[in-house]
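Enquirer: See target-v4.csv below, with CSV, N, CA and C atoms.
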```csv
chain,number,residue,atom,x,y,z
A,12,MET,N,-18.0,-10.6,1.8
A,12,MET,CA,-16.6,-10.2,1.8
A,12,MET,C,-16.2,-9.9,0.4
A,13,ASP,N,-15.7,-8.7,0.1
A,13,ASP,CA,-15.4,-8.3,-1.3
A,13,ASP,C,-13.9,-7.7,-1.3
A,14,LEU,N,-13.1,-8.1,-0.4
A,14,LEU,CA,-11.7,-7.6,-0.4
A,14,LEU,C,-10.8,-8.3,-1.5
A,15,LYS,N,-10.0,-7.5,-2.1
A,15,LYS,CA,-9.0,-8.1,-3.0
A,15,LYS,C,-7.7,-7.3,-2.8
A,16,ILE,N,-6.6,-8.0,-3.0
A,16,ILE,CA,-5.3,-7.3,-2.9
A,16,ILE,C,-5.1,-6.3,-4.1
A,17,LEU,N,-4.9,-5.1,-3.7
A,17,LEU,CA,-4.7,-4.1,-4.7
A,17,LEU,C,-3.2,-4.0,-5.1
A,18,SER,N,-2.4,-3.9,-4.1
A,18,SER,CA,-0.9,-3.8,-4.3
A,18,SER,C,-0.1,-4.3,-3.2
A,19,ILE,N,1.1,-4.5,-3.4
A,19,ILE,CA,2.1,-4.7,-2.4
A,19,ILE,C,2.8,-3.3,-2.2
A,20,VAL,N,3.0,-2.9,-1.0
A,20,VAL,CA,3.6,-1.6,-0.8
A,20,VAL,C,5.0,-1.9,-0.2
A,21,TRP,N,6.0,-1.4,-0.9
A,21,TRP,CA,7.4,-1.7,-0.6
A,21,TRP,C,8.1,-0.5,-0.1
A,22,GLY,N,8.6,-0.6,1.1
A,22,GLY,CA,9.3,0.6,1.7
A,22,GLY,C,10.7,0.7,1.1
A,23,VAL,N,11.1,1.9,0.7
A,23,VAL,CA,12.4,2.1,0.1
A,23,VAL,C,13.0,3.3,0.6
A,24,GLN,N,14.3,3.4,0.5
A,24,GLN,CA,15.0,4.6,1.0
A,24,GLN,C,15.5,5.5,-0.1
A,25,ASP,N,15.4,5.1,-1.4
A,25,ASP,CA,15.7,5.9,-2.5
A,25,ASP,C,14.7,5.6,-3.6
A,26,LEU,N,13.7,6.5,-3.7
A,26,LEU,CA,12.5,6.3,-4.6
A,26,LEU,C,12.9,6.1,-6.0
A,27,ASP,N,13.8,7.0,-6.5
A,27,ASP,CA,14.2,7.0,-7.9
A,27,ASP,C,14.9,5.7,-8.3
A,28,ARG,N,15.8,5.3,-7.4
A,28,ARG,CA,16.6,4.0,-7.6
A,28,ARG,C,15.6,2.8,-7.6
A,29,ALA,N,14.6,2.8,-6.7
A,29,ALA,CA,13.7,1.7,-6.6
A,29,ALA,C,12.8,1.7,-7.8
A,30,ILE,N,12.3,2.8,-8.3
A,30,ILE,CA,11.5,2.9,-9.5
A,30,ILE,C,12.3,2.3,-10.7
A,31,ASN,N,13.5,2.7,-10.9
A,31,ASN,CA,14.4,2.2,-11.9
A,31,ASN,C,14.6,0.7,-11.8
A,32,PHE,N,14.9,0.2,-10.6
A,32,PHE,CA,15.2,-1.2,-10.5
A,32,PHE,C,13.9,-2.1,-10.7
A,33,TRP,N,12.8,-1.7,-10.0
A,33,TRP,CA,11.6,-2.6,-10.1
A,33,TRP,C,10.9,-2.5,-11.5
A,34,CYS,N,11.0,-1.4,-12.1
A,34,CYS,CA,10.5,-1.4,-13.5
A,34,CYS,C,11.3,-2.3,-14.4
A,35,LYS,N,12.6,-2.3,-14.3
A,35,LYS,CA,13.4,-3.2,-15.1
A,35,LYS,C,13.2,-4.7,-14.6
A,36,ALA,N,13.2,-4.9,-13.3
A,36,ALA,CA,13.1,-6.3,-12.8
A,36,ALA,C,11.8,-6.9,-13.2
A,37,LEU,N,10.7,-6.2,-13.1
A,37,LEU,CA,9.4,-6.8,-13.3
A,37,LEU,C,8.7,-6.5,-14.7
A,38,ASN,N,9.4,-5.7,-15.5
A,38,ASN,CA,8.9,-5.2,-16.8
A,38,ASN,C,7.6,-4.4,-16.5
A,39,TYR,N,7.7,-3.5,-15.5
A,39,TYR,CA,6.6,-2.6,-15.1
A,39,TYR,C,6.9,-1.2,-15.6
A,40,LYS,N,5.9,-0.3,-15.4
A,40,LYS,CA,6.0,1.1,-15.7
A,40,LYS,C,5.3,1.9,-14.7
A,41,LEU,N,5.6,3.2,-14.6
A,41,LEU,CA,4.9,4.1,-13.7
A,41,LEU,C,3.4,4.2,-14.1
A,42,LYS,N,2.5,4.1,-13.2
A,42,LYS,CA,1.1,4.3,-13.5
A,42,LYS,C,0.8,5.8,-13.7
A,43,ARG,N,1.5,6.6,-13.0
A,43,ARG,CA,1.4,8.1,-13.2
A,43,ARG,C,2.6,8.7,-12.6
A,44,ASN,N,2.8,10.0,-12.8
A,44,ASN,CA,4.0,10.6,-12.2
A,44,ASN,C,4.1,10.4,-10.7
A,45,PRO,N,5.2,10.1,-10.2
A,45,PRO,CA,5.3,9.8,-8.7
A,45,PRO,C,5.2,11.0,-7.9
A,46,ASP,N,4.7,10.8,-6.6
A,46,ASP,CA,4.7,11.9,-5.6
A,46,ASP,C,6.1,12.0,-5.1
A,47,LEU,N,6.4,12.9,-4.2
A,47,LEU,CA,7.7,13.0,-3.6
A,47,LEU,C,8.1,11.8,-2.8
A,48,ASP,N,7.1,11.1,-2.3
A,48,ASP,CA,7.4,9.9,-1.4
A,48,ASP,C,6.7,8.7,-1.8
A,49,PHE,N,6.0,8.6,-3.0
A,49,PHE,CA,5.2,7.4,-3.3
A,49,PHE,C,5.1,7.3,-4.8
A,50,ALA,N,5.2,6.1,-5.3
A,50,ALA,CA,5.1,5.8,-6.7
A,50,ALA,C,4.3,4.5,-6.9
A,51,ILE,N,3.5,4.4,-7.9
A,51,ILE,CA,2.8,3.2,-8.2
A,51,ILE,C,3.3,2.6,-9.6
A,52,LEU,N,3.7,1.3,-9.6
A,52,LEU,CA,4.2,0.7,-10.8
A,52,LEU,C,3.2,-0.4,-11.2
A,53,ILE,N,3.0,-0.5,-12.5
A,53,ILE,CA,2.0,-1.5,-13.0
A,53,ILE,C,2.7,-2.3,-14.1
A,54,PRO,N,2.2,-3.5,-14.4
A,54,PRO,CA,2.8,-4.3,-15.5
A,54,PRO,C,2.7,-3.6,-16.8
A,55,GLN,N,3.7,-3.7,-17.7
A,55,GLN,CA,3.7,-3.1,-19.0
A,55,GLN,C,2.4,-3.5,-19.8
A,56,ASN,N,2.1,-4.8,-19.6
A,56,ASN,CA,1.0,-5.4,-20.4
A,56,ASN,C,-0.4,-5.2,-19.8
A,57,GLY,N,-0.4,-4.6,-18.6
A,57,GLY,CA,-1.7,-4.3,-17.9
A,57,GLY,C,-2.2,-5.4,-17.1
A,58,GLN,N,-1.6,-6.6,-17.1
A,58,GLN,CA,-2.1,-7.8,-16.4
A,58,GLN,C,-1.2,-8.0,-15.1
A,59,GLY,N,-1.8,-8.1,-14.0
A,59,GLY,CA,-1.1,-8.4,-12.7
A,59,GLY,C,-1.3,-7.3,-11.7
A,60,MET,N,-0.7,-7.6,-10.5
A,60,MET,CA,-0.8,-6.7,-9.4
A,60,MET,C,0.2,-5.6,-9.5
A,61,GLN,N,-0.3,-4.4,-8.9
A,61,GLN,CA,0.6,-3.3,-8.9
A,61,GLN,C,1.6,-3.4,-7.7
A,62,LEU,N,2.7,-2.7,-7.9
A,62,LEU,CA,3.7,-2.5,-6.8
A,62,LEU,C,3.8,-1.1,-6.5
A,63,SER,N,3.5,-0.7,-5.2
A,63,SER,CA,3.6,0.6,-4.8
A,63,SER,C,4.9,0.8,-4.0
A,64,LEU,N,5.6,1.9,-4.2
A,64,LEU,CA,6.9,2.2,-3.6
A,64,LEU,C,6.7,3.3,-2.6
A,65,LYS,N,7.0,3.2,-1.4
A,65,LYS,CA,6.8,4.2,-0.4
A,65,LYS,C,8.2,4.6,0.3
A,66,LEU,N,8.5,5.9,0.2
A,66,LEU,CA,9.8,6.3,0.7
A,66,LEU,C,9.7,6.2,2.3
A,67,THR,N,10.7,5.7,2.9
A,67,THR,CA,10.7,5.5,4.3
A,67,THR,C,12.1,5.7,4.8
A,68,SER,N,12.2,6.2,6.0
A,68,SER,CA,13.6,6.4,6.6
A,68,SER,C,13.9,5.2,7.6
A,69,SER,N,12.9,4.3,7.7
A,69,SER,CA,13.1,3.1,8.6
A,69,SER,C,14.1,2.2,8.1
A,70,GLU,N,15.0,1.7,8.9
A,70,GLU,CA,16.0,0.7,8.6
A,70,GLU,C,15.5,-0.6,9.1
A,71,GLU,N,14.4,-0.7,9.7
A,71,GLU,CA,13.8,-2.0,10.2
A,71,GLU,C,13.4,-2.8,9.0
A,72,PRO,N,13.5,-4.1,9.1
A,72,PRO,CA,13.1,-5.0,8.0
A,72,PRO,C,11.6,-5.0,7.6
A,73,ARG,N,10.7,-4.7,8.6
A,73,ARG,CA,9.3,-4.8,8.3
A,73,ARG,C,8.8,-3.4,7.8
A,74,ARG,N,9.1,-3.1,6.6
A,74,ARG,CA,8.7,-1.8,6.0
A,74,ARG,C,7.6,-2.0,4.9
A,75,HIS,N,7.1,-3.2,4.8
A,75,HIS,CA,6.2,-3.6,3.7
A,75,HIS,C,4.8,-3.9,4.3
A,76,HIS,N,3.8,-3.6,3.5
A,76,HIS,CA,2.4,-4.0,3.8
A,76,HIS,C,1.6,-4.2,2.6
A,77,ILE,N,0.4,-4.7,2.7
A,77,ILE,CA,-0.5,-4.9,1.6
A,77,ILE,C,-1.6,-3.9,1.7
A,78,ASP,N,-2.1,-3.5,0.5
A,78,ASP,CA,-3.3,-2.7,0.4
A,78,ASP,C,-4.4,-3.6,-0.1
A,79,LEU,N,-5.6,-3.6,0.6
A,79,LEU,CA,-6.8,-4.3,0.2
A,79,LEU,C,-7.8,-3.3,-0.3
A,80,ILE,N,-8.4,-3.6,-1.5
A,80,ILE,CA,-9.3,-2.7,-2.1
A,80,ILE,C,-10.8,-3.3,-2.0
A,81,THR,N,-11.7,-2.4,-1.8
A,81,THR,CA,-13.1,-2.9,-1.6
A,81,THR,C,-14.1,-1.8,-2.1
A,82,GLU,N,-15.3,-2.2,-2.4
A,82,GLU,CA,-16.3,-1.3,-2.8
A,82,GLU,C,-17.0,-0.7,-1.6
A,83,ASN,N,-16.8,-1.4,-0.4
A,83,ASN,CA,-17.5,-1.0,0.8
A,83,ASN,C,-16.5,-0.9,2.0
A,84,GLN,N,-15.7,0.1,2.0
A,84,GLN,CA,-14.6,0.2,3.0
A,84,GLN,C,-15.2,0.2,4.4
A,85,LYS,N,-16.2,1.0,4.7
A,85,LYS,CA,-16.7,1.1,6.0
A,85,LYS,C,-17.1,-0.3,6.6
A,86,GLU,N,-17.8,-1.1,5.8
A,86,GLU,CA,-18.3,-2.4,6.3
A,86,GLU,C,-17.1,-3.4,6.4
A,87,GLU,N,-16.2,-3.3,5.5
A,87,GLU,CA,-15.0,-4.2,5.6
A,87,GLU,C,-14.1,-3.8,6.8
A,88,VAL,N,-13.9,-2.6,7.0
A,88,VAL,CA,-13.1,-2.2,8.2
A,88,VAL,C,-13.8,-2.7,9.5
A,89,LYS,N,-15.1,-2.5,9.5
A,89,LYS,CA,-15.9,-3.0,10.7
A,89,LYS,C,-15.7,-4.5,10.8
A,90,ARG,N,-15.8,-5.3,9.7
A,90,ARG,CA,-15.7,-6.7,9.8
A,90,ARG,C,-14.3,-7.1,10.2
A,91,LEU,N,-13.3,-6.4,9.7
A,91,LEU,CA,-11.9,-6.8,10.0
A,91,LEU,C,-11.6,-6.5,11.5
A,92,LEU,N,-12.1,-5.4,12.0
A,92,LEU,CA,-12.0,-5.1,13.5
A,92,LEU,C,-12.6,-6.1,14.3
A,93,SER,N,-13.7,-6.7,13.8
A,93,SER,CA,-14.5,-7.7,14.6
A,93,SER,C,-13.7,-9.0,14.7
A,94,ILE,N,-12.8,-9.3,13.7
A,94,ILE,CA,-12.0,-10.5,13.7
A,94,ILE,C,-10.6,-10.4,14.2
A,95,GLY,N,-10.3,-9.2,14.8
A,95,GLY,CA,-9.0,-9.1,15.5
A,95,GLY,C,-8.1,-8.0,15.0
A,96,ALA,N,-8.4,-7.3,13.9
A,96,ALA,CA,-7.6,-6.1,13.5
A,96,ALA,C,-7.9,-5.0,14.5
A,97,VAL,N,-6.9,-4.0,14.5
A,97,VAL,CA,-7.1,-2.8,15.3
A,97,VAL,C,-6.7,-1.6,14.5
A,98,LYS,N,-7.3,-0.5,14.8
A,98,LYS,CA,-6.9,0.7,14.0
A,98,LYS,C,-5.5,1.2,14.4
A,99,MET,N,-4.7,1.6,13.4
A,99,MET,CA,-3.4,2.2,13.7
A,99,MET,C,-3.7,3.6,14.4
A,100,GLN,N,-3.1,3.8,15.5
A,100,GLN,CA,-3.3,5.0,16.3
A,100,GLN,C,-2.3,6.1,15.8
A,101,ASN,N,-2.8,7.3,15.8
A,101,ASN,CA,-2.0,8.5,15.5
A,101,ASN,C,-1.4,8.5,14.0
A,102,TRP,N,-2.1,7.9,13.1
A,102,TRP,CA,-1.7,7.9,11.7
A,102,TRP,C,-2.0,9.3,11.1
A,103,ASP,N,-1.1,9.9,10.4
A,103,ASP,CA,-1.3,11.2,9.8
A,103,ASP,C,-1.8,11.1,8.4
A,104,TYR,N,-3.2,11.0,8.3
A,104,TYR,CA,-3.9,10.9,7.0
A,104,TYR,C,-3.8,12.2,6.3
A,105,GLU,N,-3.5,12.2,5.0
A,105,GLU,CA,-3.6,13.4,4.2
A,105,GLU,C,-5.1,13.7,3.9
A,106,GLN,N,-5.4,14.9,3.5
A,106,GLN,CA,-6.8,15.3,3.3
A,106,GLN,C,-7.3,14.4,2.1
A,107,ASP,N,-8.6,14.0,2.3
A,107,ASP,CA,-9.3,13.1,1.3
A,107,ASP,C,-8.6,11.8,1.1
A,108,ALA,N,-8.0,11.3,2.2
A,108,ALA,CA,-7.4,9.9,2.1
A,108,ALA,C,-8.5,8.9,1.8
A,109,ASP,N,-8.2,8.0,0.9
A,109,ASP,CA,-9.2,6.9,0.5
A,109,ASP,C,-8.8,5.6,1.1
A,110,TYR,N,-8.1,5.6,2.2
A,110,TYR,CA,-7.6,4.4,2.9
A,110,TYR,C,-7.7,4.5,4.4
A,111,VAL,N,-7.8,3.4,5.1
A,111,VAL,CA,-7.7,3.3,6.5
A,111,VAL,C,-6.6,2.3,6.8
A,112,VAL,N,-5.8,2.7,7.8
A,112,VAL,CA,-4.6,1.9,8.2
A,112,VAL,C,-5.0,1.0,9.4
A,113,LEU,N,-4.9,-0.3,9.3
A,113,LEU,CA,-5.2,-1.2,10.4
A,113,LEU,C,-4.0,-2.0,10.7
A,114,LEU,N,-4.0,-2.7,11.8
A,114,LEU,CA,-2.9,-3.6,12.2
A,114,LEU,C,-3.6,-5.0,12.4
A,115,ASP,N,-2.8,-6.0,11.9
A,115,ASP,CA,-3.3,-7.4,12.1
A,115,ASP,C,-3.0,-7.8,13.6
A,116,PRO,N,-3.4,-9.0,14.0
A,116,PRO,CA,-3.2,-9.3,15.4
A,116,PRO,C,-1.7,-9.4,15.8
A,117,GLU,N,-0.8,-9.5,14.8
A,117,GLU,CA,0.7,-9.5,15.2
A,117,GLU,C,1.3,-8.1,15.1
A,118,GLY,N,0.5,-7.1,14.7
A,118,GLY,CA,1.0,-5.8,14.7
A,118,GLY,C,1.5,-5.3,13.3
A,119,ASN,N,1.2,-6.1,12.3
A,119,ASN,CA,1.6,-5.8,10.9
A,119,ASN,C,0.6,-4.9,10.3
A,120,SER,N,1.0,-3.8,9.7
A,120,SER,CA,0.0,-2.8,9.1
A,120,SER,C,-0.4,-3.2,7.8
A,121,PHE,N,-1.7,-2.9,7.5
A,121,PHE,CA,-2.2,-3.0,6.1
A,121,PHE,C,-3.3,-1.9,5.9
A,122,CYS,N,-3.6,-1.6,4.7
A,122,CYS,CA,-4.6,-0.6,4.4
A,122,CYS,C,-5.8,-1.1,3.7
A,123,VAL,N,-6.9,-0.6,4.0
A,123,VAL,CA,-8.2,-0.9,3.4
A,123,VAL,C,-8.5,0.3,2.5
A,124,VAL,N,-8.5,0.2,1.2
A,124,VAL,CA,-8.7,1.3,0.3
A,124,VAL,C,-10.1,1.2,-0.3
A,125,GLN,N,-10.7,2.4,-0.4
A,125,GLN,CA,-12.0,2.5,-1.1
A,125,GLN,C,-11.8,2.5,-2.6
A,126,ALA,N,-12.5,1.5,-3.3
A,126,ALA,CA,-12.4,1.5,-4.7
A,126,ALA,C,-13.0,2.7,-5.4
```
Please go through the file and, once you have read it, give me the structure as structure tokens.
Expert:
Amino acid sequence: MDLKILSIVWGVQDLDRAINFWCKALNYKLKRNPDLDFAILIPQNGQGMQLSLKLTSSEEPRRHHIDLITENQKEEVKRLLSIGAVKMQNWDYEQDADYVVLLDPEGNSFCVVQA
């Protein structure tokens, strides 16, 4: 098993406001220019976990998930499916997506990202 937490993904309804708040709150900075619906924040000093911000229209409280990073995505996805995870159905993956969306046994989503 070689999975590590890459980032916490935080669902937000106003991306610019969230970037401003979390950068100040955590002493983080943008890793790169944000997309229209996604931004990655990293610690100013380079040490620690990244925080990803994902624009969402959901008003439900469960808008957050974790990203797990691995050198062997295919094998880790297979292993996770064997212990109770299921693939998220009807996910609209962008071209060249480097992640797979799974659900834990309680229905919480998480992503397995190829390093």
Enquirer: Find the residue from A:Val112, A:Met60, A:Cys122, A:Leu92 that sits nearest to A:Ile19; use all atoms listed in the file when measuring.
Expert: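 Using all atoms listed in the file, the shortest distance to A:Ile19 belongs to A:Met60.
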Enquirer: So which one's closest to A:Gln125, A:Asn83, A:Gln100, A:Gln55, A:Ser69? Using all atoms listed in the file, please.
Expert: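 Going through A:Asn83, A:Gln100, A:Gln55, A:Ser69 one by one, the smallest distance to A:Gln125 is for A:Asn83.
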Enquirer: Would you list, as a list of chain:residue names, the residues of chain A that end up in helix (DSSP H, G or I) under DSSP run on this structure's backbone?
Expert: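 Of chain A, only A:Leu26, A:Asp27, A:Arg28, A:Ala29, A:Ile30, A:Asn31, A:Phe32, A:Trp33, A:Cys34, A:Lys35, A:Ala36, A:Leu37, A:Gln84, A:Lys85, A:Glu86, A:Glu87, A:Val88, A:Lys89, A:Arg90, A:Leu91, A:Leu92, A:Ser93 fall in helix (DSSP H, G or I).
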Enquirer: Go ahead and save the picked residues with N, CA and C atoms, as a CSV table (one decimal), keeping the file's coordinate frame.
Expert:
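New file out-v3.csv:
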```
chain,number,residue,atom,x,y,z
A,26,LEU,N,13.7,6.5,-3.7
A,26,LEU,CA,12.5,6.3,-4.6
A,26,LEU,C,12.9,6.1,-6.0
A,27,ASP,N,13.8,7.0,-6.5
A,27,ASP,CA,14.2,7.0,-7.9
A,27,ASP,C,14.9,5.7,-8.3
A,28,ARG,N,15.8,5.3,-7.4
A,28,ARG,CA,16.6,4.0,-7.6
A,28,ARG,C,15.6,2.8,-7.6
A,29,ALA,N,14.6,2.8,-6.7
A,29,ALA,CA,13.7,1.7,-6.6
A,29,ALA,C,12.8,1.7,-7.8
A,30,ILE,N,12.3,2.8,-8.3
A,30,ILE,CA,11.5,2.9,-9.5
A,30,ILE,C,12.3,2.3,-10.7
A,31,ASN,N,13.5,2.7,-10.9
A,31,ASN,CA,14.4,2.2,-11.9
A,31,ASN,C,14.6,0.7,-11.8
A,32,PHE,N,14.9,0.2,-10.6
A,32,PHE,CA,15.2,-1.2,-10.5
A,32,PHE,C,13.9,-2.1,-10.7
A,33,TRP,N,12.8,-1.7,-10.0
A,33,TRP,CA,11.6,-2.6,-10.1
A,33,TRP,C,10.9,-2.5,-11.5
A,34,CYS,N,11.0,-1.4,-12.1
A,34,CYS,CA,10.5,-1.4,-13.5
A,34,CYS,C,11.3,-2.3,-14.4
A,35,LYS,N,12.6,-2.3,-14.3
A,35,LYS,CA,13.4,-3.2,-15.1
A,35,LYS,C,13.2,-4.7,-14.6
A,36,ALA,N,13.2,-4.9,-13.3
A,36,ALA,CA,13.1,-6.3,-12.8
A,36,ALA,C,11.8,-6.9,-13.2
A,37,LEU,N,10.7,-6.2,-13.1
A,37,LEU,CA,9.4,-6.8,-13.3
A,37,LEU,C,8.7,-6.5,-14.7
A,84,GLN,N,-15.7,0.1,2.0
A,84,GLN,CA,-14.6,0.2,3.0
A,84,GLN,C,-15.2,0.2,4.4
A,85,LYS,N,-16.2,1.0,4.7
A,85,LYS,CA,-16.7,1.1,6.0
A,85,LYS,C,-17.1,-0.3,6.6
A,86,GLU,N,-17.8,-1.1,5.8
A,86,GLU,CA,-18.3,-2.4,6.3
A,86,GLU,C,-17.1,-3.4,6.4
A,87,GLU,N,-16.2,-3.3,5.5
A,87,GLU,CA,-15.0,-4.2,5.6
A,87,GLU,C,-14.1,-3.8,6.8
A,88,VAL,N,-13.9,-2.6,7.0
A,88,VAL,CA,-13.1,-2.2,8.2
A,88,VAL,C,-13.8,-2.7,9.5
A,89,LYS,N,-15.1,-2.5,9.5
A,89,LYS,CA,-15.9,-3.0,10.7
A,89,LYS,C,-15.7,-4.5,10.8
A,90,ARG,N,-15.8,-5.3,9.7
A,90,ARG,CA,-15.7,-6.7,9.8
A,90,ARG,C,-14.3,-7.1,10.2
A,91,LEU,N,-13.3,-6.4,9.7
A,91,LEU,CA,-11.9,-6.8,10.0
A,91,LEU,C,-11.6,-6.5,11.5
A,92,LEU,N,-12.1,-5.4,12.0
A,92,LEU,CA,-12.0,-5.1,13.5
A,92,LEU,C,-12.6,-6.1,14.3
A,93,SER,N,-13.7,-6.7,13.8
A,93,SER,CA,-14.5,-7.7,14.6
A,93,SER,C,-13.7,-9.0,14.7
```
Enquirer: Give me the residues within 10 Å of stretch 22-35 of chain A as a PyMOL selection string, counting only C-alpha atoms and dropping any in the same chain fewer than 3 places off.
Expert: chain A and resi 19+38-41+45-55+62-76
Enquirer: At what distance in Å, to one decimal, does atom N of A:Trp21 lie from atom C of A:Val111?
Expert: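 So the two atoms, atom C of A:Val111 and atom N of A:Trp21, lie 15.2 Å apart.
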Enquirer: Compile the contact shell of A:Ala126 as a list in words: residues with an atom at most 6.5 Å away, counting all atoms listed in the file, same-chain residues fewer than 3 positions apart removed.
Expert: Ile80, Thr81, Glu82, Asn83 and Gln84 of chain A
Enquirer: Just how far from atom N of A:Asp13 is atom C of A:Tyr104, in Å to one decimal?
Expert: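 Pair atom C of A:Tyr104 / atom N of A:Asp13 returns 24.8 Å.
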Enquirer: Provide the atom CA of A:Ile16 to atom CA of A:Arg43 distance in Å, to one decimal place.
Expert: 19.7 Å
Enquirer: Tell me which protein, DNA and RNA residues are within 10 Å of A:Leu113, counting only C-alpha atoms, leaving out same-chain ones fewer than 2 positions away, and put them as JSON, numbers by chain.
Expert: {"A": [88, 91, 92, 96, 97, 98, 99, 100, 102, 110, 111, 115, 116, 118, 119, 120, 121, 122, 123]}
Enquirer: Using N, CA, C and O atoms, give me stretch 13-24 of chain A from the structure I just pasted, as a tab-separated table (two decimals), in the first residue's frame.
Expert:
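Output file result-v2.tsv is given in full below:
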```tsv
chain	number	residue	atom	x	y	z
A	13	ASP	N	0.64	2.15	-0.93
A	13	ASP	CA	1.48	3.35	-1.00
A	13	ASP	C	0.64	4.63	-1.08
A	13	ASP	O	1.07	5.62	-1.61
A	14	LEU	N	-0.56	4.62	-0.53
A	14	LEU	CA	-1.42	5.80	-0.56
A	14	LEU	C	-1.02	6.81	0.50
A	14	LEU	O	-0.69	6.45	1.63
A	15	LYS	N	-1.09	8.09	0.12
A	15	LYS	CA	-0.86	9.20	1.04
A	15	LYS	C	-1.92	10.25	0.76
A	15	LYS	O	-2.37	10.40	-0.37
A	16	ILE	N	-2.31	10.99	1.78
A	16	ILE	CA	-3.26	12.09	1.56
A	16	ILE	C	-2.53	13.19	0.82
A	16	ILE	O	-1.49	13.67	1.27
A	17	LEU	N	-3.08	13.57	-0.31
A	17	LEU	CA	-2.52	14.66	-1.11
A	17	LEU	C	-3.10	15.99	-0.65
A	17	LEU	O	-2.40	16.95	-0.45
A	18	SER	N	-4.43	16.03	-0.53
A	18	SER	CA	-5.06	17.29	-0.15
A	18	SER	C	-6.44	17.04	0.42
A	18	SER	O	-7.02	15.98	0.23
A	19	ILE	N	-6.91	18.04	1.12
A	19	ILE	CA	-8.31	18.10	1.51
A	19	ILE	C	-8.99	18.96	0.45
A	19	ILE	O	-8.49	20.02	0.10
A	20	VAL	N	-10.12	18.49	-0.05
A	20	VAL	CA	-10.86	19.25	-1.07
A	20	VAL	C	-12.09	19.84	-0.39
A	20	VAL	O	-12.90	19.11	0.19
A	21	TRP	N	-12.18	21.16	-0.44
A	21	TRP	CA	-13.19	21.90	0.30
A	21	TRP	C	-14.17	22.51	-0.69
A	21	TRP	O	-13.77	23.28	-1.55
A	22	GLY	N	-15.44	22.13	-0.59
A	22	GLY	CA	-16.47	22.69	-1.47
A	22	GLY	C	-16.82	24.11	-1.06
A	22	GLY	O	-17.07	24.36	0.13
A	23	VAL	N	-16.82	25.02	-2.00
A	23	VAL	CA	-17.11	26.43	-1.71
A	23	VAL	C	-18.09	26.98	-2.73
A	23	VAL	O	-18.22	26.46	-3.84
A	24	GLN	N	-18.78	28.03	-2.36
A	24	GLN	CA	-19.74	28.65	-3.26
A	24	GLN	C	-19.21	29.94	-3.88
A	24	GLN	O	-19.80	30.45	-4.81
```
